[in-house]
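What follows is a single structure, written as structure tokens, with notes after it.
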Amino acid sequence: MSYSPTASHLRIDVNDPTNAPLDESSRFAERVEELGFAGVGMPDHPHTGRDVFVRLALAAQRTSRVTLFPSVTNPVSRGPRMLATLGATLGELAPGRARLVVSSGKAAVAYVDGERATVSQVAGAVETVRETLAARFAPVGPVPVYVNASSPRMLSAAGAAADGVYAMVGVDADVVATAMAYVAAGARDAGRDPDSVAVALGLPVFMAESTAEAYESAAEYALINLSTRSRVFSRVLRERTSALEGVSQASELSSAQLHSVVDAMVIAGTPQEAAAKALSFAESTKRRHFIARVEFADEDAFRAIEVFSAGLRALGGEGVLLPGD
């Protein structure tokens, strides 16, 4: 099966789950670039003893093409103007390859004993970051500011204030459409053209040697999203399927129901199945930009992206990923 040419011009960024020592920190970014993916997101986890912007700066010096971004930072552990400074610095190191992704914060906020930012605080921070970048620093290349969002209010805030949205809402067509409607409504309410807001869809990919094992590995992640009722994913699925209303754990679901929840949230299957599902999802949503979390059961992060890359290339040829080494 081939997805060319309709699968061409896909932009697939990959999140880095590793926490290597700084002298090895850039290896994942280098491998992502070699494999032809478009960008690398690194987690803002200061509790590990390694700062995300230092890691991004090192990766900027070791790569030449991939976009680099924190996935995800916040305006609490670092104030909005400091985020603008850090974004401008990354933009100077990697002109045209820097992006900021901001949300309410979790690990980094807990590390500084702070409170997670509210939706209005995130929106205000994003406006400050964008204004500061434009008025004070004028970076060599653009440094777009995205909001990571999964709830109706945060999706609307992204539409109203940000250059783009990193929508972590799953891979169900109804859920994605609902999420995009919130982004568009937020943009219109702010007097903006909804089409001016860039969209990157989260792409959780869970692979294993067998389909059954892949679904088993993805179940916990899918159920966490179902149980978080503030998220668009949970709301749409519970409204659509009444049997899911009181569900909080896998044992409360039949095998078919669990399978359905997993399919709505993630791309799950063997490497070949995952690649085919990812490309079908891209075609169905008409979106070209995705930020992937890629896991391969019992394998490390490097092997996971290598296998996923091979599967995409086998189906879509050079139209899916840029040529790698």
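Each chain in the structure tokens gets a letter, A, B and so on, in the order shown; residues start at 1 in every chain, and ligands are counted from 1 in the order they appear.
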Enumerate the residues of range 142-174 of chain A with a DSSP assignment of strand (DSSP E or B), computed from the backbone, and present them as a PDB file with N, CA and C atoms, in the first residue's frame.
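Wrote it out as out31.pdb, contents follow:
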```
ATOM      1  N   VAL A 145       5.195  30.816  18.885  1.00  0.00           N
ATOM      2  CA  VAL A 145       4.816  30.397  20.230  1.00  0.00           C
ATOM      3  C   VAL A 145       3.517  29.603  20.141  1.00  0.00           C
ATOM      4  N   TYR A 146       3.595  28.339  20.543  1.00  0.00           N
ATOM      5  CA  TYR A 146       2.443  27.437  20.528  1.00  0.00           C
ATOM      6  C   TYR A 146       1.942  27.220  21.947  1.00  0.00           C
ATOM      7  N   VAL A 147       0.667  26.862  22.051  1.00  0.00           N
ATOM      8  CA  VAL A 147       0.084  26.434  23.323  1.00  0.00           C
ATOM      9  C   VAL A 147      -0.243  24.950  23.228  1.00  0.00           C
ATOM     10  N   ASN A 148       0.225  24.203  24.198  1.00  0.00           N
ATOM     11  CA  ASN A 148      -0.132  22.788  24.308  1.00  0.00           C
ATOM     12  C   ASN A 148      -1.512  22.708  24.965  1.00  0.00           C
ATOM     13  N   ALA A 149      -2.464  22.063  24.319  1.00  0.00           N
ATOM     14  CA  ALA A 149      -3.840  22.120  24.804  1.00  0.00           C
ATOM     15  C   ALA A 149      -4.567  20.803  24.597  1.00  0.00           C
ATOM     16  N   GLY A 164       0.317  29.097  17.294  1.00  0.00           N
ATOM     17  CA  GLY A 164      -0.121  27.757  16.942  1.00  0.00           C
ATOM     18  C   GLY A 164      -0.584  26.988  18.154  1.00  0.00           C
ATOM     19  N   VAL A 165      -1.165  25.829  17.912  1.00  0.00           N
ATOM     20  CA  VAL A 165      -1.636  24.955  18.979  1.00  0.00           C
ATOM     21  C   VAL A 165      -1.041  23.569  18.772  1.00  0.00           C
ATOM     22  N   TYR A 166      -0.555  23.000  19.854  1.00  0.00           N
ATOM     23  CA  TYR A 166      -0.127  21.603  19.888  1.00  0.00           C
ATOM     24  C   TYR A 166      -1.259  20.881  20.589  1.00  0.00           C
ATOM     25  N   ALA A 167      -2.156  20.292  19.802  1.00  0.00           N
ATOM     26  CA  ALA A 167      -3.397  19.717  20.317  1.00  0.00           C
ATOM     27  C   ALA A 167      -3.199  18.248  20.648  1.00  0.00           C
TER      28      ALA A 167
END
```
Counting only C-alpha atoms, which residues of range 128-224 of chain A fall within 12 Å of range 8-26 of chain A, and what is the closest atom pair for each with its distance in Å at one decimal, ordered by chain and rising number, as a tab-separated table?
```
residue	atom	partner	partner_atom	distance
A:Tyr166	CA	A:Asp13	CA	11.2
A:Val199	CA	A:Arg11	CA	11.1
A:Ala200	CA	A:Arg11	CA	8.9
A:Leu201	CA	A:Ile12	CA	9.6
A:Gly202	CA	A:Asp13	CA	9.5
A:Leu203	CA	A:Ile12	CA	8.9
A:Pro204	CA	A:Asn15	CA	10.0
A:Val205	CA	A:Val14	CA	10.4
```
Got time to write the residues from that selection, all heavy atoms, as a compact mmCIF listing (two decimals), in the first residue's frame?
```txt
# COMPACT_ATOMS: atom_id res chain seq x y z
N TYR A 166 -0.55 23.00 19.85
CA TYR A 166 -0.13 21.60 19.89
C TYR A 166 -1.26 20.88 20.59
O TYR A 166 -1.36 20.90 21.81
CB TYR A 166 1.20 21.52 20.63
CG TYR A 166 1.70 20.14 21.02
CD1 TYR A 166 1.19 18.97 20.48
CD2 TYR A 166 2.74 20.03 21.95
CE1 TYR A 166 1.67 17.73 20.86
CE2 TYR A 166 3.24 18.79 22.32
CZ TYR A 166 2.71 17.64 21.78
OH TYR A 166 3.20 16.41 22.15
N VAL A 199 -1.56 24.46 13.36
CA VAL A 199 -2.01 23.30 14.15
C VAL A 199 -1.00 22.16 14.04
O VAL A 199 -0.61 21.78 12.94
CB VAL A 199 -3.38 22.80 13.67
CG1 VAL A 199 -3.77 21.51 14.40
CG2 VAL A 199 -4.45 23.87 13.87
N ALA A 200 -0.58 21.67 15.19
CA ALA A 200 0.21 20.44 15.27
C ALA A 200 -0.57 19.46 16.12
O ALA A 200 -0.89 19.77 17.28
CB ALA A 200 1.58 20.70 15.88
N LEU A 201 -0.92 18.33 15.58
CA LEU A 201 -1.69 17.34 16.32
C LEU A 201 -0.75 16.36 17.02
O LEU A 201 0.21 15.87 16.42
CB LEU A 201 -2.61 16.56 15.38
CG LEU A 201 -3.76 17.34 14.72
CD1 LEU A 201 -4.54 16.43 13.80
CD2 LEU A 201 -4.68 17.95 15.77
N GLY A 202 -1.04 16.10 18.28
CA GLY A 202 -0.29 15.09 19.00
C GLY A 202 -0.53 13.72 18.38
O GLY A 202 -1.66 13.38 18.02
N LEU A 203 0.53 12.94 18.25
CA LEU A 203 0.43 11.63 17.62
C LEU A 203 1.06 10.58 18.54
O LEU A 203 2.25 10.26 18.42
CB LEU A 203 1.14 11.65 16.27
CG LEU A 203 0.99 10.41 15.37
CD1 LEU A 203 -0.44 10.31 14.85
CD2 LEU A 203 1.97 10.46 14.21
N PRO A 204 0.30 10.03 19.48
CA PRO A 204 0.85 8.99 20.34
C PRO A 204 0.94 7.66 19.58
O PRO A 204 -0.07 7.17 19.07
CB PRO A 204 -0.16 8.89 21.49
CG PRO A 204 -1.14 10.03 21.28
CD PRO A 204 -1.09 10.35 19.83
N VAL A 205 2.12 7.10 19.49
CA VAL A 205 2.35 5.88 18.73
C VAL A 205 2.88 4.80 19.67
O VAL A 205 3.96 4.95 20.25
CB VAL A 205 3.35 6.10 17.58
CG1 VAL A 205 3.59 4.80 16.82
CG2 VAL A 205 2.84 7.20 16.63
```
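Of the residues listed (A:Glu131, A:Asp300, A:Glu273, A:Glu295), A:Glu273 shows the shortest atom-to-atom separation from Ala314 in chain A; distances use only C-alpha atoms.
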Checklist entry - Looking at only C-alpha atoms, which of A:Met207, A:Asp163, A:Pro144, A:Ser284 is the one that sits closest to Gly91 in chain A? => result A:Pro144
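In this structure, CA of Ser234 in chain A sits 19.4 Å away from CA of Ala158 in chain A.
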Next on the checklist: Could you tell me how far CA of Ser280 in chain A sits from CA of Val236 in chain A, in Å to one decimal place?
Outcome noted: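 Value for the CA of Val236 in chain A-CA of Ser280 in chain A distance: 21.1 Å.
The shortest atom-to-atom distance to Ile224 in chain A, with only C-alpha atoms taken into account, belongs to A:Met265 out of A:Met180, A:His47, A:Ser210, A:Met265.
The interatomic distance for the pair CA of Gly114 in chain A and CA of Ala160 in chain A works out to 25.5 Å.
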Checklist entry - Which residue out of A:Ser71, A:Ala185, A:Met82, A:Arg136 has the minimum interatomic distance to Ser104 in chain A when only C-alpha atoms are used? => result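 Of all the options, A:Ser71 lies closest to Ser104 in chain A.
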Item to check | Residues of range 34-94 of chain A in alpha helix (DSSP H), written as a PyMOL selection string | outcome: chain A and resi 34-35+52-62+80-93
